[in-house]
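J.: Dumping the structure here so I can ask a few things about it.
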Number of protein chains: 2
Amino acid sequence: MKPTLQAVADAVGVSRSTVSNAYSRPDQLSAALRERILDAARQLGYPGPNPTARSLRRGFVGSIGVLFTSQLSYAFTDPFAVRFLAGVGAAAERHGTSMLLVPLPPAVTDARQAVENAAVDGFCVYCVADEEWALDVIRQRGLPFVSTAARDDAGPDERFVGIDERAAARSAAAHVAGLGHRRVALLADSVRPDAPAGPLTLTGVDQVPHPTTRGRLSGFADAFAEVGVGWAELTLVNVPGNSRPAAAAAIAGLFDQPAPPTAVLAGSDVLALGVLDALAARPAHDRLSVSVTGFDDVPEAAAAGLTTVRQPAEEKGRIAAELLLDPPADAAAGHVLLPTALVVRESTGPVPRS
Amino acid sequence: MKPTLQAVADAVGVSRSTVSNAYSRPDQLSAALRERILDAARQLGYPGPNPTARSLRRGFVGSIGVLFTSQLSYAFTDPFAVRFLAGVGAAAERHGTSMLLVPLPPAVTDARQAVENAAVDGFCVYCVADEEWALDVIRQRGLPFVSTAARDDAGPDERFVGIDERAAARSAAAHVAGLGHRRVALLADSVRPDAPAGPLTLTGVDQVPHPTTRGRLSGFADAFAEVGVGWAELTLVNVPGNSRPAAAAAIAGLFDQPAPPTAVLAGSDVLALGVLDALAARPAHDRLSVSVTGFDDVPEAAAAGLTTVRQPAEEKGRIAAELLLDPPADAAAGHVLLPTALVVRESTGPVPRS
DNA sequence: GCTAGTCTCTGTATCGATACAGACTGAATC
DNA sequence: GATTCAGTCTGTATCGATACAGAGACTAGC
């Protein structure tokens, strides 16, 4: 058994408080005694104050949780998520705070427990799918958090960093619409919680529970409504999970239909790259005639010539962590909107005449 | 103030133990009482057992630390490190364990503290630079750990997962030597703790403190010794920090010398890609005539046509976490050597005649 | 009717530290 | 010589839970 503070105190013949002070408040005792104590501690093999006990007594932990409302493994697969993490890490580094990555089991009950058990001082919630339950747990625990999705029911003191999803998505769709495309597929991750992969019919975009996805799909719809293409005429495709293979699989059947889409608007670059993968496996005709857009502008998008919407990834993470670690006094400053930009590359072009 | 277990116990009129059992050991009380307790807890807004207090009492935390002996920000910049993390994450996910990423301040004293204060049950130490001090702290704390660098002074029960660095590096160097190269530069991160960027003279490879770097440089040297090129004839170049720009900057001056190297062997893909960046900024002649090899085989290496040594990144992370989370009974099984393979691409070719 | 055994629930000790009020000492001030 | 004060150190209460031994009540078995 490792010795405790008490053991060191006994060895030196001082009180426990004094040993504690030797570690945590050196100004509270003479330098000589402090040296004697640290020497004795070394000699006994005392590992230093127990971090858990310290946290309990002090009332804070010194680490923040990062929550991905999807399998943790996905987080490392999506370059955007990785850049986001890098941003959080940079801010954490500056504050001397650690980051706890909490994997969420698939079953909601277990996932709730995971969030309940996380020893952290607050959460950065990176929103992928439906995370309302996670926010509930965090609120219940009374912990502060920063979300990356704008939610209507957000309380006044709930912090947020993100983009105007709807306007950003609209810019991409307007570009595609401007190129003449009218038969269009919209591709998104987890449109509905338990929907299967592939085409999905919804009466309206308001049926999409996740605010980020809903925002992007709304933006897409806006731009097409403007050129006379209604929601019902757009093909909505669900992908369960934000990964290239999943997107490729979900979209595959679409191009064999009688009147296939001439453009695919994806809710993320990872999905869009999956679409390009699927197209690459098809005859050259398809490959060249279908326009594809993504969202995020990850490094791979540039390499693939993907038209996409750029949003600042690292900054998003950095700001999320900073909003969490030193909250602005002004509530309005707790709500940060980042700029986006449409990046046009080779993956979009005019509708081919056929 | 949030209510505690005691508050719930008082409200229901039972003992604290019983409330605790309602959460942690449902089989210890009747279903009816349990429901009553949980109801009361809901009503009072009790956030559930405090994770810190629970950890203290139970004696374990339920999370493992991942230590990068470099700025945490770098970890997200190196695709190999990201894949490693993904592997750790996958294993952690299966075990229901969280991952704590601990940023290390530049000053060693502060860094030691960071490791001392981390509330974790053990560490995966991803080795980049010198981390002997970190291992000391971990040993002092009596925590288990898994290292990715083979060290000579490792105790019998110290776990390890890695590759035969020397043999792997040798295979790359032998390939380059076989192509006829004799004027060669070796590029590595943090060859010596405080050495500046650029060429560095060492009397021998044994002067390199970090075991991984030493292993790789030894392997490079082995292959060239075999074709009659001694250590003194090789140009050793130090890069402070494992990043593309740092590598590009460190190597830049080399090609303006009278007899520039015809090949550069880098200790990692990130460094090698930096060398390619530097070459891309030079006249076509240089670009085409210098052979470059990397190490790791990150996805970007394939895209860049980089000849490199492949090692399984995710598996390394996964196995590291598994060795930590359920240690093999047999000590020998705690020492895992992964396979490597030389991947020849376009970045290496015969020495140009000039 | 008595002993055993099972279910529930309680009470006390404990995990390992930090906070805070106060005691003591010796020097400086008037 | 009394007062003040800074500098050190101690003692007790506390952070919020879980472990474990054991007390009662109740059912079974003989």
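Residue numbering restarts at 1 for every chain of the structure tokens, chains are lettered A, B, ... in their displayed order, and ligands are numbered from 1 as they appear.
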Could I get chain B fitted onto chain A (least squares, all C-alpha atoms, in order) as a short mmCIF file (atom, residue, chain, number, x, y, z; two decimals) with C-alpha atoms, in the first residue's frame?

T.:
```cif
data_model
loop_
_atom_site.label_atom_id
_atom_site.label_comp_id
_atom_site.auth_asym_id
_atom_site.auth_seq_id
_atom_site.Cartn_x
_atom_site.Cartn_y
_atom_site.Cartn_z
CA MET B 1 0.04 0.04 0.07
CA LYS B 2 1.27 3.47 -0.90
CA PRO B 3 1.81 5.84 2.04
CA THR B 4 -0.59 8.74 2.51
CA LEU B 5 -0.17 12.29 3.67
CA GLN B 6 -0.66 11.08 7.21
CA ALA B 7 2.24 8.67 6.94
CA VAL B 8 4.55 11.44 5.86
CA ALA B 9 3.25 13.67 8.63
CA ASP B 10 3.93 10.97 11.20
CA ALA B 11 7.39 10.34 9.84
CA VAL B 12 8.36 13.99 10.09
CA GLY B 13 6.43 14.60 13.25
CA VAL B 14 4.21 17.38 11.96
CA SER B 15 0.51 17.64 11.29
CA ARG B 16 -1.17 16.43 8.15
CA SER B 17 -2.09 20.00 7.29
CA THR B 18 1.51 20.99 7.19
CA VAL B 19 2.42 18.23 4.80
CA SER B 20 -0.49 19.23 2.62
CA ASN B 21 0.75 22.79 2.66
CA ALA B 22 4.22 21.63 1.69
CA TYR B 23 2.72 20.47 -1.58
CA SER B 24 -0.07 22.89 -2.25
CA ARG B 25 0.81 26.12 -0.47
CA PRO B 26 4.56 26.41 -0.03
CA ASP B 27 4.20 29.94 1.33
CA GLN B 28 2.48 28.59 4.43
CA LEU B 29 5.54 27.02 5.99
CA SER B 30 9.24 27.61 6.31
CA ALA B 31 11.43 26.54 3.44
CA ALA B 32 13.50 24.37 5.73
CA LEU B 33 10.58 22.36 7.05
CA ARG B 34 9.21 22.03 3.56
CA GLU B 35 12.46 20.50 2.43
CA ARG B 36 12.45 18.11 5.35
CA ILE B 37 8.94 17.05 4.48
CA LEU B 38 9.61 16.55 0.80
CA ASP B 39 12.71 14.56 1.65
CA ALA B 40 10.80 12.31 3.96
CA ALA B 41 8.12 11.90 1.32
CA ARG B 42 10.72 10.86 -1.22
CA GLN B 43 12.20 8.44 1.21
CA LEU B 44 8.86 6.86 2.01
CA GLY B 45 7.86 6.71 -1.63
CA TYR B 46 4.87 8.97 -1.10
CA PRO B 47 3.40 9.52 -4.58
CA GLY B 48 2.16 13.02 -3.88
CA PRO B 49 -1.36 14.13 -3.01
CA ASN B 50 -3.97 11.78 -4.36
CA PRO B 51 -5.67 13.60 -7.27
CA THR B 52 -9.07 12.09 -6.56
CA ALA B 53 -9.09 13.02 -2.90
CA ARG B 54 -7.90 16.47 -3.78
CA SER B 55 -10.64 16.90 -6.36
CA LEU B 56 -13.27 15.81 -3.89
CA ARG B 57 -12.15 18.23 -1.27
CA ARG B 58 -11.49 21.12 -3.60
CA GLY B 59 -14.73 20.70 -5.47
CA PHE B 60 -13.32 20.68 -8.95
CA VAL B 61 -11.47 18.24 -11.09
CA GLY B 62 -9.34 20.16 -13.56
CA SER B 63 -10.53 18.45 -16.65
CA ILE B 64 -13.26 18.99 -19.18
CA GLY B 65 -15.22 16.35 -20.99
CA VAL B 66 -15.63 16.16 -24.72
CA LEU B 67 -18.75 14.39 -25.80
CA PHE B 68 -19.29 12.97 -29.23
CA THR B 69 -22.82 11.79 -29.61
CA SER B 70 -21.68 8.91 -31.74
CA GLN B 71 -19.14 6.18 -31.33
CA LEU B 72 -15.90 7.63 -30.13
CA SER B 73 -14.15 5.73 -32.90
CA TYR B 74 -15.99 7.86 -35.46
CA ALA B 75 -14.59 10.97 -33.91
CA PHE B 76 -11.12 10.01 -35.07
CA THR B 77 -12.36 9.06 -38.51
CA ASP B 78 -13.80 12.46 -39.31
CA PRO B 79 -11.01 14.93 -40.00
CA PHE B 80 -13.30 17.74 -39.00
CA ALA B 81 -13.83 16.21 -35.58
CA VAL B 82 -10.08 15.75 -35.23
CA ARG B 83 -9.43 19.40 -35.99
CA PHE B 84 -12.13 20.32 -33.52
CA LEU B 85 -10.41 18.21 -30.89
CA ALA B 86 -7.12 19.87 -31.73
CA GLY B 87 -8.75 23.21 -31.03
CA VAL B 88 -10.14 22.05 -27.71
CA GLY B 89 -6.72 20.65 -26.91
CA ALA B 90 -4.97 23.91 -27.65
CA ALA B 91 -7.28 25.81 -25.32
CA ALA B 92 -7.04 23.13 -22.64
CA GLU B 93 -3.27 23.26 -22.89
CA ARG B 94 -3.30 26.97 -22.19
CA HIS B 95 -5.54 26.53 -19.17
CA GLY B 96 -3.65 23.58 -17.76
CA THR B 97 -6.77 21.49 -18.04
CA SER B 98 -7.03 17.90 -19.23
CA MET B 99 -9.56 16.59 -21.73
CA LEU B 100 -11.65 13.54 -20.96
CA LEU B 101 -12.99 11.69 -23.97
CA VAL B 102 -16.03 9.74 -22.92
CA PRO B 103 -17.10 6.88 -25.17
CA LEU B 104 -20.84 6.44 -25.27
CA PRO B 105 -22.24 2.89 -25.30
CA PRO B 106 -24.94 2.34 -27.92
CA ALA B 107 -27.76 1.83 -25.40
CA VAL B 108 -29.08 5.15 -24.15
CA THR B 109 -29.36 3.95 -20.55
CA ASP B 110 -25.69 3.02 -20.51
CA ALA B 111 -24.77 6.19 -22.33
CA ARG B 112 -26.56 8.28 -19.72
CA GLN B 113 -24.56 6.53 -17.05
CA ALA B 114 -21.34 7.23 -18.86
CA VAL B 115 -22.13 10.94 -18.82
CA GLU B 116 -23.25 10.78 -15.19
CA ASN B 117 -20.01 9.12 -14.14
CA ALA B 118 -17.58 11.36 -15.97
CA ALA B 119 -15.38 13.19 -13.50
CA VAL B 120 -15.20 16.58 -15.20
CA ASP B 121 -15.92 20.23 -14.56
CA GLY B 122 -17.93 20.71 -17.71
CA PHE B 123 -18.54 19.47 -21.21
CA CYS B 124 -17.90 20.44 -24.78
CA VAL B 125 -20.65 18.74 -26.69
CA TYR B 126 -19.73 18.11 -30.29
CA CYS B 127 -23.01 17.50 -31.96
CA VAL B 128 -23.41 14.74 -34.44
CA ALA B 129 -26.70 13.08 -33.84
CA ASP B 130 -29.44 13.59 -31.33
CA GLU B 131 -27.88 14.60 -28.04
CA GLU B 132 -30.83 16.04 -26.18
CA TRP B 133 -30.63 13.29 -23.58
CA ALA B 134 -26.97 14.05 -23.01
CA LEU B 135 -27.67 17.70 -22.39
CA ASP B 136 -30.40 16.67 -19.98
CA VAL B 137 -27.95 14.64 -17.96
CA ILE B 138 -25.43 17.44 -17.95
CA ARG B 139 -28.00 19.96 -16.81
CA GLN B 140 -29.16 17.57 -14.14
CA ARG B 141 -25.60 17.33 -12.88
CA GLY B 142 -25.49 21.08 -12.81
CA LEU B 143 -22.37 21.19 -14.95
CA PRO B 144 -21.66 23.94 -17.45
CA PHE B 145 -21.42 23.00 -21.10
CA VAL B 146 -20.89 24.43 -24.52
CA SER B 147 -22.80 23.05 -27.45
CA THR B 148 -21.98 23.30 -31.13
CA ALA B 149 -25.57 23.11 -32.22
CA ALA B 150 -27.97 25.99 -31.89
CA ARG B 151 -31.08 24.80 -30.13
CA ASP B 152 -34.35 26.62 -29.82
CA ASP B 153 -34.94 25.59 -26.23
CA ALA B 154 -31.52 26.75 -25.09
CA GLY B 155 -31.59 28.61 -21.79
CA PRO B 156 -30.21 32.13 -21.70
CA ASP B 157 -27.01 31.08 -19.95
CA GLU B 158 -26.31 28.13 -22.20
CA ARG B 159 -23.22 28.70 -24.25
CA PHE B 160 -22.82 27.93 -27.91
CA VAL B 161 -20.32 28.19 -30.72
CA GLY B 162 -21.25 27.38 -34.27
CA ILE B 163 -22.24 28.69 -37.63
CA ASP B 164 -25.41 29.75 -39.36
CA GLU B 165 -26.02 26.25 -40.66
CA ARG B 166 -28.99 27.20 -42.75
CA ALA B 167 -27.41 30.12 -44.56
CA ALA B 168 -24.21 28.19 -45.14
CA ALA B 169 -26.01 25.22 -46.60
CA ARG B 170 -28.12 27.51 -48.70
CA SER B 171 -25.04 29.00 -50.31
CA ALA B 172 -23.89 25.58 -51.49
CA ALA B 173 -27.33 24.65 -52.77
CA ALA B 174 -27.75 27.99 -54.52
CA HIS B 175 -24.49 27.37 -56.34
CA VAL B 176 -25.72 23.96 -57.51
CA ALA B 177 -29.14 25.31 -58.43
CA GLY B 178 -27.43 28.08 -60.38
CA LEU B 179 -25.65 25.44 -62.41
CA GLY B 180 -29.04 24.24 -63.55
CA HIS B 181 -29.50 21.13 -61.40
CA ARG B 182 -33.09 20.27 -60.58
CA ARG B 183 -33.00 16.55 -59.82
CA VAL B 184 -31.13 16.62 -56.56
CA ALA B 185 -30.44 14.26 -53.68
CA LEU B 186 -29.77 15.49 -50.15
CA LEU B 187 -27.59 13.23 -48.06
CA ALA B 188 -27.35 13.44 -44.30
CA ASP B 189 -26.29 11.46 -41.27
CA SER B 190 -29.01 10.19 -38.95
CA VAL B 191 -31.89 12.14 -40.48
CA ARG B 192 -34.18 10.19 -38.25
CA PRO B 193 -32.98 8.18 -35.24
CA ASP B 194 -33.77 4.68 -36.49
CA ALA B 195 -34.26 5.13 -40.20
CA PRO B 196 -32.50 2.61 -42.45
CA ALA B 197 -29.83 3.63 -44.93
CA GLY B 198 -31.16 4.98 -48.21
CA PRO B 199 -33.98 7.19 -49.50
CA LEU B 200 -36.42 8.43 -46.91
CA THR B 201 -39.65 10.34 -47.25
CA LEU B 202 -40.48 13.10 -44.80
CA THR B 203 -43.38 15.50 -45.13
CA GLY B 204 -41.13 18.36 -44.16
CA VAL B 205 -37.75 19.29 -42.82
CA ASP B 206 -39.25 19.99 -39.42
CA GLN B 207 -39.46 16.25 -38.92
CA VAL B 208 -35.69 16.12 -38.58
CA PRO B 209 -34.88 16.08 -34.87
CA HIS B 210 -31.25 17.10 -34.89
CA PRO B 211 -30.88 20.88 -35.12
CA THR B 212 -27.65 20.88 -37.13
CA THR B 213 -28.93 18.45 -39.72
CA ARG B 214 -32.26 20.23 -39.82
CA GLY B 215 -30.51 23.53 -40.33
CA ARG B 216 -28.45 22.27 -43.23
CA LEU B 217 -31.34 20.51 -44.92
CA SER B 218 -33.45 23.64 -44.52
CA GLY B 219 -30.77 25.67 -46.22
CA PHE B 220 -30.60 23.21 -49.10
CA ALA B 221 -34.38 23.31 -49.42
CA ASP B 222 -34.47 27.12 -49.28
CA ALA B 223 -32.25 27.48 -52.32
CA PHE B 224 -34.22 25.03 -54.38
CA ALA B 225 -37.56 26.43 -53.34
CA GLU B 226 -36.35 29.67 -54.82
CA VAL B 227 -35.93 28.08 -58.24
CA GLY B 228 -39.26 26.33 -58.02
CA VAL B 229 -38.17 22.92 -56.73
CA GLY B 230 -40.25 21.96 -53.71
CA TRP B 231 -39.31 19.77 -50.78
CA ALA B 232 -41.28 16.83 -52.14
CA GLU B 233 -39.27 16.88 -55.35
CA LEU B 234 -35.96 16.54 -53.54
CA THR B 235 -34.67 13.06 -52.75
CA LEU B 236 -33.69 12.75 -49.12
CA VAL B 237 -31.17 10.01 -48.36
CA ASN B 238 -30.41 8.83 -44.86
CA VAL B 239 -26.97 7.57 -43.83
CA PRO B 240 -26.64 5.87 -40.48
CA GLY B 241 -23.25 7.05 -39.28
CA ASN B 242 -20.92 9.69 -40.61
CA SER B 243 -18.51 7.59 -42.63
CA ARG B 244 -17.41 7.25 -46.24
CA PRO B 245 -18.43 3.63 -46.71
CA ALA B 246 -21.82 4.25 -45.12
CA ALA B 247 -22.46 7.13 -47.48
CA ALA B 248 -21.31 5.13 -50.50
CA ALA B 249 -23.60 2.29 -49.53
CA ALA B 250 -26.59 4.54 -48.90
CA ILE B 251 -26.32 6.36 -52.20
CA ALA B 252 -25.38 3.39 -54.38
CA GLY B 253 -28.81 2.35 -55.59
CA LEU B 254 -29.85 5.86 -56.55
CA PHE B 255 -27.98 6.09 -59.82
CA ASP B 256 -29.64 3.01 -61.28
CA GLN B 257 -33.05 4.61 -61.18
CA PRO B 258 -34.76 5.85 -64.34
CA ALA B 259 -34.22 9.54 -63.57
CA PRO B 260 -31.18 9.65 -61.29
CA PRO B 261 -30.17 12.83 -59.51
CA THR B 262 -27.69 15.06 -61.31
CA ALA B 263 -26.42 16.48 -58.04
CA VAL B 264 -25.89 15.24 -54.51
CA LEU B 265 -25.67 17.70 -51.63
CA ALA B 266 -24.09 16.06 -48.62
CA GLY B 267 -24.31 17.21 -45.03
CA SER B 268 -20.58 16.69 -44.47
CA ASP B 269 -17.38 16.21 -46.43
CA VAL B 270 -16.99 12.70 -45.15
CA LEU B 271 -20.36 11.81 -46.65
CA ALA B 272 -19.56 13.65 -49.87
CA LEU B 273 -16.27 11.80 -50.21
CA GLY B 274 -18.23 8.60 -49.78
CA VAL B 275 -20.46 9.67 -52.66
CA LEU B 276 -17.38 10.30 -54.78
CA ASP B 277 -16.17 6.82 -53.82
CA ALA B 278 -19.47 5.37 -55.00
CA LEU B 279 -19.29 7.32 -58.24
CA ALA B 280 -15.71 6.25 -58.84
CA ALA B 281 -16.93 2.69 -58.93
CA ARG B 282 -19.36 3.49 -61.77
CA PRO B 283 -18.95 4.14 -65.49
CA ALA B 284 -17.13 7.32 -66.44
CA HIS B 285 -20.36 8.89 -67.63
CA ASP B 286 -21.86 8.98 -64.15
CA ARG B 287 -18.66 10.03 -62.58
CA LEU B 288 -18.41 13.08 -64.75
CA SER B 289 -22.01 14.13 -64.88
CA VAL B 290 -22.97 14.14 -61.22
CA SER B 291 -22.20 17.22 -59.14
CA VAL B 292 -21.37 16.68 -55.49
CA THR B 293 -21.00 19.13 -52.61
CA GLY B 294 -19.80 18.58 -49.09
CA PHE B 295 -19.68 20.52 -45.87
CA ASP B 296 -16.77 21.43 -43.55
CA ASP B 297 -13.84 21.69 -46.00
CA VAL B 298 -11.57 19.12 -44.45
CA PRO B 299 -8.07 18.79 -45.96
CA GLU B 300 -9.14 15.75 -47.99
CA ALA B 301 -11.80 17.83 -49.71
CA ALA B 302 -9.19 19.98 -51.40
CA ALA B 303 -7.30 16.93 -52.60
CA ALA B 304 -10.50 15.42 -53.98
CA GLY B 305 -11.57 18.66 -55.68
CA LEU B 306 -14.74 18.73 -53.66
CA THR B 307 -16.93 21.82 -53.69
CA THR B 308 -17.84 22.46 -50.10
CA VAL B 309 -18.68 24.94 -47.38
CA ARG B 310 -15.74 25.90 -45.25
CA GLN B 311 -16.11 26.37 -41.55
CA PRO B 312 -13.24 26.95 -39.12
CA ALA B 313 -12.73 23.64 -37.37
CA GLU B 314 -9.95 24.28 -34.93
CA GLU B 315 -11.34 27.64 -34.01
CA LYS B 316 -14.66 26.05 -33.22
CA GLY B 317 -12.98 23.68 -30.81
CA ARG B 318 -10.80 26.33 -29.33
CA ILE B 319 -13.68 28.72 -28.73
CA ALA B 320 -15.87 25.97 -27.34
CA ALA B 321 -13.24 25.15 -24.74
CA GLU B 322 -12.62 28.79 -23.95
CA LEU B 323 -16.30 29.55 -23.49
CA LEU B 324 -16.33 26.66 -21.06
CA LEU B 325 -13.11 27.47 -19.24
CA ASP B 326 -13.59 31.14 -18.77
CA PRO B 327 -17.14 32.06 -19.40
CA PRO B 328 -17.76 35.61 -20.56
CA ALA B 329 -19.49 37.81 -18.03
CA ASP B 330 -21.84 39.00 -20.70
CA ALA B 331 -24.35 36.32 -21.62
CA ALA B 332 -24.53 37.52 -25.22
CA ALA B 333 -20.81 36.85 -25.63
CA GLY B 334 -21.49 33.22 -24.80
CA HIS B 335 -23.10 32.81 -28.17
CA VAL B 336 -20.49 32.80 -30.93
CA LEU B 337 -21.25 32.60 -34.62
CA LEU B 338 -18.33 31.73 -36.89
CA PRO B 339 -18.01 32.71 -40.54
CA THR B 340 -18.38 30.23 -43.39
CA ALA B 341 -17.47 30.35 -47.06
CA LEU B 342 -18.47 28.45 -50.14
CA VAL B 343 -15.41 26.86 -51.76
CA VAL B 344 -16.07 25.94 -55.37
CA ARG B 345 -13.92 23.17 -56.82
CA GLU B 346 -14.20 20.63 -59.62
CA SER B 347 -16.83 18.37 -58.15
CA THR B 348 -19.63 20.67 -59.26
CA GLY B 349 -20.44 21.69 -62.82
CA PRO B 350 -23.32 22.42 -65.15
CA VAL B 351 -25.99 19.81 -65.77
CA PRO B 352 -24.81 17.67 -68.68
CA ARG B 353 -27.18 17.67 -71.66
CA SER B 354 -28.22 14.14 -72.48
#
```

J.: Against chain A, which residues of chain C fall within 7 Å? For each one I want the closest pair of atoms and the distance in Å (one decimal), counting only C-alpha atoms (C1' of nucleotides), rows by chain and increasing residue number, as JSON lines.

T.:
```
{"residue": "C:DG16", "atom": "C1'", "partner": "A:Ala53", "partner_atom": "CA", "distance": 5.0}
{"residue": "C:DA17", "atom": "C1'", "partner": "A:Ala53", "partner_atom": "CA", "distance": 4.9}
{"residue": "C:DT18", "atom": "C1'", "partner": "A:Arg57", "partner_atom": "CA", "distance": 5.8}
```

J.: Just to be explicit: take each residue in the selection above, keep N, CA and C atoms (P, O5', C5', C4', C3', O3' and C1' of nucleotides), and write the result as a compact mmCIF listing (two decimals), in the first residue's frame.

T.:
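Saved file again.txt follows:
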```txt
# COMPACT_ATOMS: atom_id res chain seq x y z
P DG C 16 -6.46 5.64 0.82
O5' DG C 16 -6.20 7.21 0.70
C5' DG C 16 -6.34 7.80 -0.57
C4' DG C 16 -6.34 9.30 -0.39
C3' DG C 16 -5.16 9.83 0.44
O3' DG C 16 -4.52 10.82 -0.33
C1' DG C 16 -7.18 10.77 1.16
P DA C 17 -3.18 11.49 0.22
O5' DA C 17 -3.70 12.88 0.81
C5' DA C 17 -3.63 14.03 0.04
C4' DA C 17 -5.00 14.70 -0.10
C3' DA C 17 -5.04 16.14 0.38
O3' DA C 17 -4.75 16.98 -0.72
C1' DA C 17 -6.98 14.87 1.08
P DT C 18 -4.16 18.42 -0.44
O5' DT C 18 -5.45 19.24 0.00
C5' DT C 18 -6.47 19.45 -0.97
C4' DT C 18 -7.52 20.34 -0.35
C3' DT C 18 -7.04 21.71 0.09
O3' DT C 18 -8.08 22.61 -0.24
C1' DT C 18 -7.97 20.58 1.93
```

J.: Which neighbours of DA25 (chain D) fall inside 12 Å, counting only C-alpha atoms (C1' of nucleotides), when residues of the same chain fewer than 5 positions from it are skipped, and could you give them as a list of chain:residue names?

T.: C:DT6, C:DC7, C:DT8, C:DC9

J.: Assign secondary structure with DSSP using the backbone only, and return the residues of region 272-313 of chain B in strand (DSSP E) as a ChimeraX atom specification.

T.: /B:291-293,308-310

J.: Report, in Å to a single decimal, how far apart C1' of DT29 (chain C) and C1' of DT4 (chain D) are.

T.: 7.6 Å

J.: Find the nearest atom pair between each residue of chain D and chain B for residues within 10 Å, count only C-alpha atoms (C1' of nucleotides), give distances in Å to one decimal, sort rows by chain and ascending number, and present the table as JSON lines.

T.:
```
{"residue": "D:DC15", "atom": "C1'", "partner": "B:Ala53", "partner_atom": "CA", "distance": 8.0}
{"residue": "D:DG16", "atom": "C1'", "partner": "B:Ala53", "partner_atom": "CA", "distance": 5.0}
{"residue": "D:DA17", "atom": "C1'", "partner": "B:Ala53", "partner_atom": "CA", "distance": 4.9}
{"residue": "D:DT18", "atom": "C1'", "partner": "B:Arg57", "partner_atom": "CA", "distance": 5.8}
{"residue": "D:DA19", "atom": "C1'", "partner": "B:Arg57", "partner_atom": "CA", "distance": 8.9}
```

J.: Mind dumping the selected residues with C-alpha atoms (C1' of nucleotides) as a PDB file, in the first residue's frame?

T.:
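As a result, result27.pdb now contains:
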```pdb
ATOM      1  C1'  DC D  15     -15.841  16.946   0.733  1.00  0.00           C
ATOM      2  C1'  DG D  16     -19.625  12.745  -0.947  1.00  0.00           C
ATOM      3  C1'  DA D  17     -19.734   8.638  -1.399  1.00  0.00           C
ATOM      4  C1'  DT D  18     -19.036   2.883  -0.648  1.00  0.00           C
ATOM      5  C1'  DA D  19     -17.816  -1.429   2.089  1.00  0.00           C
TER       6       DA D  19
END
```

J.: What is the C1' of DA23 (chain C) to C1' of DA2 (chain D) distance in Å?

T.: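 C1' of DA2 (chain D) lies 19.6 Å from C1' of DA23 (chain C).
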
J.: Let's see if you can do this: from backbone DSSP, list all alpha helix (DSSP H) residues in region 270-304 of chain A, as a list in words.

T.: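 Output for region 270-304 of chain A, alpha helix (DSSP H) only: Val270, Leu271, Ala272, Leu273, Gly274, Val275, Leu276, Asp277, Ala278, Leu279, Ala280, Ala284, His285, Asp286, Arg287, Leu288, Ser289, Pro299, Glu300, Ala301, Ala302, Ala303 and Ala304 of chain A.
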